[in-house]
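Down below is the structure, laid out as structure tokens.
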Amino acid sequence: MCEYCGCQSLASIDELTREHDEVVRLISHLRPAHQDGDVARMAELAREIATVLGPHTQVEEHGLFPAMAGDFPEQIAALEAEHRRIESVLAEAADGATPTDPAWATRLMEVMAMLRNHILKEQDGVFPAALANLGTEEWEAVEKVRAEAGSALSRPTV
């Protein structure tokens, strides 16, 4: 996705971007499962996506977004509202459950399309703006939240 501004040179942004990439990869497996009517597979993928998004969202909402909200209050509020909608649909498949509501699969596909656009807004807007606007203390606060939240992804070997 975004590589033009250099924001991925920051460990915080690189980790968030890697999580975005993994979510997009998982979303790509939803379409065939949906076409096959395999709601159980869709639920499994929803749980995997939720696993990646859990710590990711925590870092954004408790580290990055508070630092950005002063300059971009409407945009941050809109992104947080999208997080709630995404979490709500994914939660229907939590705890190993396969949703029985026949409309869930369609809701999931709709919210995943929204999530793909959401990711683009973050990578093309929030991350470059953060690089330009945040200072050392704010980045340290983001890193502190990451240390607390962890990550569902393994760290890349150097």
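By order of appearance in the structure tokens: chains A, B, ..., then residues from 1 within every chain, and ligands from 1 in the order shown.
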
Item to complete: Pick out the residues sitting within 10 Å of A:Ala129, and hand them over as a PyMOL selection string; count only C-alpha atoms, and ignore anything fewer than 3 positions along from it in its own chain.
Response: chain A and resi 5+7+68+71-72+122-126+132-134

Listing only residues of stretch 4-59 of chain A within 7 Å of stretch 105-118 of chain A, what is the closest atom pair and its distance in Å (to one decimal) for each, using only C-alpha atoms, sorted by chain and residue number ascending, as JSON lines?
{"residue": "A:Val24", "atom": "CA", "partner": "A:Arg116", "partner_atom": "CA", "distance": 6.9}
{"residue": "A:Ile27", "atom": "CA", "partner": "A:Met112", "partner_atom": "CA", "distance": 6.8}
{"residue": "A:His34", "atom": "CA", "partner": "A:Ala105", "partner_atom": "CA", "distance": 7.0}
{"residue": "A:Val39", "atom": "CA", "partner": "A:Ala105", "partner_atom": "CA", "distance": 6.7}

Residues just named, written with N, CA, C and O atoms as a PDB file, in the first residue's frame:
ATOM      1  N   VAL A  24      -6.080  -7.544   4.991  1.00  0.00           N
ATOM      2  CA  VAL A  24      -6.450  -7.557   3.570  1.00  0.00           C
ATOM      3  C   VAL A  24      -6.270  -8.969   2.993  1.00  0.00           C
ATOM      4  O   VAL A  24      -7.106  -9.452   2.228  1.00  0.00           O
ATOM      5  N   ILE A  27      -9.181 -11.000   4.249  1.00  0.00           N
ATOM      6  CA  ILE A  27     -10.411 -10.591   3.560  1.00  0.00           C
ATOM      7  C   ILE A  27     -10.483 -11.241   2.183  1.00  0.00           C
ATOM      8  O   ILE A  27     -11.564 -11.632   1.734  1.00  0.00           O
ATOM      9  N   HIS A  34     -17.744 -17.012   0.700  1.00  0.00           N
ATOM     10  CA  HIS A  34     -19.089 -16.449   0.538  1.00  0.00           C
ATOM     11  C   HIS A  34     -19.756 -17.022  -0.709  1.00  0.00           C
ATOM     12  O   HIS A  34     -20.935 -17.413  -0.674  1.00  0.00           O
ATOM     13  N   VAL A  39     -20.508 -20.551   5.389  1.00  0.00           N
ATOM     14  CA  VAL A  39     -20.602 -19.596   6.491  1.00  0.00           C
ATOM     15  C   VAL A  39     -19.648 -19.976   7.623  1.00  0.00           C
ATOM     16  O   VAL A  39     -19.084 -19.096   8.287  1.00  0.00           O
TER      17      VAL A  39
END

Item to complete: Could you tell me which of A:Leu26, A:Glu92, A:Ile86, A:Leu16 comes closest to A:Ala43 if we count only C-alpha atoms?
Response: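 The shortest atom-to-atom distance to A:Ala43 comes from A:Glu92.
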
Proximity check stretch 16-81 of chain A to stretch 145-150 of chain A, 9 Å, nearest pairs one decimal Å, only C-alpha atoms, as a Markdown table:
| residue | atom | partner | partner_atom | distance |
| --- | --- | --- | --- | --- |
| A:Gly54 | CA | A:Ala149 | CA | 8.3 |
| A:Pro55 | CA | A:Ala149 | CA | 5.0 |
| A:His56 | CA | A:Ala149 | CA | 7.9 |
| A:Gln58 | CA | A:Ala149 | CA | 6.6 |
| A:Val59 | CA | A:Arg146 | CA | 5.6 |
| A:Glu60 | CA | A:Val145 | CA | 8.8 |
| A:His62 | CA | A:Val145 | CA | 6.7 |
| A:Gly63 | CA | A:Val145 | CA | 5.8 |

Could you write those residues out with all heavy atoms, as an mmCIF file, in the first residue's frame?
data_model
loop_
_atom_site.group_PDB
_atom_site.id
_atom_site.type_symbol
_atom_site.label_atom_id
_atom_site.label_comp_id
_atom_site.auth_asym_id
_atom_site.auth_seq_id
_atom_site.Cartn_x
_atom_site.Cartn_y
_atom_site.Cartn_z
ATOM 1 N N GLY A 54 -7.736 -6.771 17.081
ATOM 2 C CA GLY A 54 -7.822 -6.445 18.510
ATOM 3 C C GLY A 54 -6.701 -5.533 18.987
ATOM 4 O O GLY A 54 -6.946 -4.386 19.381
ATOM 5 N N PRO A 55 -5.454 -6.002 18.952
ATOM 6 C CA PRO A 55 -4.355 -5.137 19.398
ATOM 7 C C PRO A 55 -4.141 -3.940 18.468
ATOM 8 O O PRO A 55 -3.773 -2.850 18.920
ATOM 9 C CB PRO A 55 -3.131 -6.056 19.405
ATOM 10 C CG PRO A 55 -3.519 -7.296 18.697
ATOM 11 C CD PRO A 55 -5.006 -7.361 18.663
ATOM 12 N N HIS A 56 -4.409 -4.134 17.186
ATOM 13 C CA HIS A 56 -4.263 -3.060 16.200
ATOM 14 C C HIS A 56 -5.155 -1.870 16.584
ATOM 15 O O HIS A 56 -4.695 -0.733 16.643
ATOM 16 C CB HIS A 56 -4.639 -3.604 14.814
ATOM 17 C CG HIS A 56 -4.619 -2.584 13.731
ATOM 18 N ND1 HIS A 56 -3.502 -2.329 12.982
ATOM 19 C CD2 HIS A 56 -5.593 -1.757 13.272
ATOM 20 C CE1 HIS A 56 -3.779 -1.392 12.092
ATOM 21 N NE2 HIS A 56 -5.051 -1.026 12.248
ATOM 22 N N GLN A 58 -6.512 -1.252 19.449
ATOM 23 C CA GLN A 58 -6.085 -0.699 20.734
ATOM 24 C C GLN A 58 -4.968 0.319 20.538
ATOM 25 O O GLN A 58 -4.996 1.407 21.126
ATOM 26 C CB GLN A 58 -5.631 -1.822 21.666
ATOM 27 C CG GLN A 58 -5.373 -1.354 23.075
ATOM 28 C CD GLN A 58 -5.073 -2.506 24.021
ATOM 29 O OE1 GLN A 58 -5.351 -3.671 23.739
ATOM 30 N NE2 GLN A 58 -4.478 -2.190 25.146
ATOM 31 N N VAL A 59 -3.995 -0.003 19.689
ATOM 32 C CA VAL A 59 -2.888 0.924 19.427
ATOM 33 C C VAL A 59 -3.415 2.201 18.775
ATOM 34 O O VAL A 59 -3.016 3.311 19.150
ATOM 35 C CB VAL A 59 -1.801 0.259 18.555
ATOM 36 C CG1 VAL A 59 -0.771 1.274 18.080
ATOM 37 C CG2 VAL A 59 -1.130 -0.872 19.324
ATOM 38 N N GLU A 60 -4.305 2.039 17.816
ATOM 39 C CA GLU A 60 -4.845 3.226 17.154
ATOM 40 C C GLU A 60 -5.658 4.082 18.123
ATOM 41 O O GLU A 60 -5.446 5.297 18.209
ATOM 42 C CB GLU A 60 -5.720 2.822 15.959
ATOM 43 C CG GLU A 60 -4.910 2.297 14.804
ATOM 44 C CD GLU A 60 -5.749 1.902 13.607
ATOM 45 O OE1 GLU A 60 -6.984 1.707 13.745
ATOM 46 O OE2 GLU A 60 -5.158 1.776 12.525
ATOM 47 N N HIS A 62 -5.919 4.104 21.482
ATOM 48 C CA HIS A 62 -5.354 4.543 22.762
ATOM 49 C C HIS A 62 -3.979 5.176 22.605
ATOM 50 O O HIS A 62 -3.440 5.705 23.586
ATOM 51 C CB HIS A 62 -5.301 3.376 23.749
ATOM 52 C CG HIS A 62 -6.663 2.835 24.049
ATOM 53 N ND1 HIS A 62 -7.542 3.447 24.902
ATOM 54 C CD2 HIS A 62 -7.311 1.739 23.573
ATOM 55 C CE1 HIS A 62 -8.665 2.758 24.944
ATOM 56 N NE2 HIS A 62 -8.553 1.718 24.147
ATOM 57 N N GLY A 63 -3.427 5.122 21.402
ATOM 58 C CA GLY A 63 -2.119 5.716 21.160
ATOM 59 C C GLY A 63 -2.152 6.746 20.046
ATOM 60 O O GLY A 63 -2.015 7.947 20.285
#

Worksheet entry | Long-range neighbours of A:Val52 as a PyMOL selection string, 8 Å cut-off, only C-alpha atoms, 4 positions minimum in chain | chain A and resi 19+22-23+48+56+151-153

Convert the current residue selection to file output with all heavy atoms, as an mmCIF file, in the first residue's frame.
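Generated output (part13.cif):
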data_model
loop_
_atom_site.group_PDB
_atom_site.id
_atom_site.type_symbol
_atom_site.label_atom_id
_atom_site.label_comp_id
_atom_site.auth_asym_id
_atom_site.auth_seq_id
_atom_site.Cartn_x
_atom_site.Cartn_y
_atom_site.Cartn_z
ATOM 1 N N GLU A 19 -0.174 -5.223 9.951
ATOM 2 C CA GLU A 19 -1.473 -5.746 10.379
ATOM 3 C C GLU A 19 -2.534 -5.478 9.313
ATOM 4 O O GLU A 19 -3.361 -6.353 9.024
ATOM 5 C CB GLU A 19 -1.864 -5.137 11.736
ATOM 6 C CG GLU A 19 -1.001 -5.678 12.862
ATOM 7 C CD GLU A 19 -1.057 -4.880 14.143
ATOM 8 O OE1 GLU A 19 -1.453 -3.694 14.124
ATOM 9 O OE2 GLU A 19 -0.669 -5.440 15.187
ATOM 10 N N GLU A 22 -2.125 -8.032 6.605
ATOM 11 C CA GLU A 22 -2.642 -9.346 6.995
ATOM 12 C C GLU A 22 -4.167 -9.365 6.944
ATOM 13 O O GLU A 22 -4.769 -10.346 6.485
ATOM 14 C CB GLU A 22 -2.144 -9.728 8.395
ATOM 15 C CG GLU A 22 -2.693 -11.040 8.911
ATOM 16 C CD GLU A 22 -2.318 -12.269 8.083
ATOM 17 O OE1 GLU A 22 -1.486 -12.182 7.152
ATOM 18 O OE2 GLU A 22 -2.868 -13.344 8.378
ATOM 19 N N VAL A 23 -4.801 -8.304 7.378
ATOM 20 C CA VAL A 23 -6.267 -8.226 7.313
ATOM 21 C C VAL A 23 -6.738 -8.278 5.864
ATOM 22 O O VAL A 23 -7.680 -9.003 5.537
ATOM 23 C CB VAL A 23 -6.780 -6.964 8.046
ATOM 24 C CG1 VAL A 23 -8.246 -6.686 7.719
ATOM 25 C CG2 VAL A 23 -6.585 -7.108 9.551
ATOM 26 N N GLU A 48 -10.244 -14.778 12.749
ATOM 27 C CA GLU A 48 -8.832 -14.471 12.477
ATOM 28 C C GLU A 48 -8.633 -12.970 12.274
ATOM 29 O O GLU A 48 -7.659 -12.393 12.773
ATOM 30 C CB GLU A 48 -8.351 -15.240 11.242
ATOM 31 C CG GLU A 48 -8.231 -16.731 11.457
ATOM 32 C CD GLU A 48 -7.748 -17.459 10.217
ATOM 33 O OE1 GLU A 48 -6.848 -16.939 9.523
ATOM 34 O OE2 GLU A 48 -8.281 -18.550 9.933
ATOM 35 N N HIS A 56 -4.409 -4.134 17.186
ATOM 36 C CA HIS A 56 -4.263 -3.060 16.200
ATOM 37 C C HIS A 56 -5.155 -1.870 16.584
ATOM 38 O O HIS A 56 -4.695 -0.733 16.643
ATOM 39 C CB HIS A 56 -4.639 -3.604 14.814
ATOM 40 C CG HIS A 56 -4.619 -2.584 13.731
ATOM 41 N ND1 HIS A 56 -3.502 -2.329 12.982
ATOM 42 C CD2 HIS A 56 -5.593 -1.757 13.272
ATOM 43 C CE1 HIS A 56 -3.779 -1.392 12.092
ATOM 44 N NE2 HIS A 56 -5.051 -1.026 12.248
ATOM 45 N N SER A 151 0.743 -7.889 19.681
ATOM 46 C CA SER A 151 0.375 -8.011 18.273
ATOM 47 C C SER A 151 0.042 -9.468 17.989
ATOM 48 O O SER A 151 0.620 -10.364 18.603
ATOM 49 C CB SER A 151 1.530 -7.561 17.375
ATOM 50 O OG SER A 151 1.201 -7.770 16.014
ATOM 51 N N ALA A 152 -0.873 -9.671 17.079
ATOM 52 C CA ALA A 152 -1.209 -11.033 16.665
ATOM 53 C C ALA A 152 -0.199 -11.559 15.649
ATOM 54 O O ALA A 152 -0.186 -12.739 15.343
ATOM 55 C CB ALA A 152 -2.616 -11.060 16.067
ATOM 56 N N LEU A 153 0.638 -10.673 15.140
ATOM 57 C CA LEU A 153 1.624 -11.064 14.127
ATOM 58 C C LEU A 153 2.969 -11.320 14.784
ATOM 59 O O LEU A 153 3.325 -10.702 15.781
ATOM 60 C CB LEU A 153 1.788 -9.945 13.089
ATOM 61 C CG LEU A 153 0.541 -9.457 12.384
ATOM 62 C CD1 LEU A 153 0.914 -8.362 11.392
ATOM 63 C CD2 LEU A 153 -0.171 -10.589 11.692
#

Practice prompt. Taking the chain letters and numbering used in this document, name the residues of stretch 60-126 of chain A that DSSP puts in helix (DSSP H, G or I), as number ranges by chain.
Written response: A: 60-69, 73-91, 94-96, 104-126
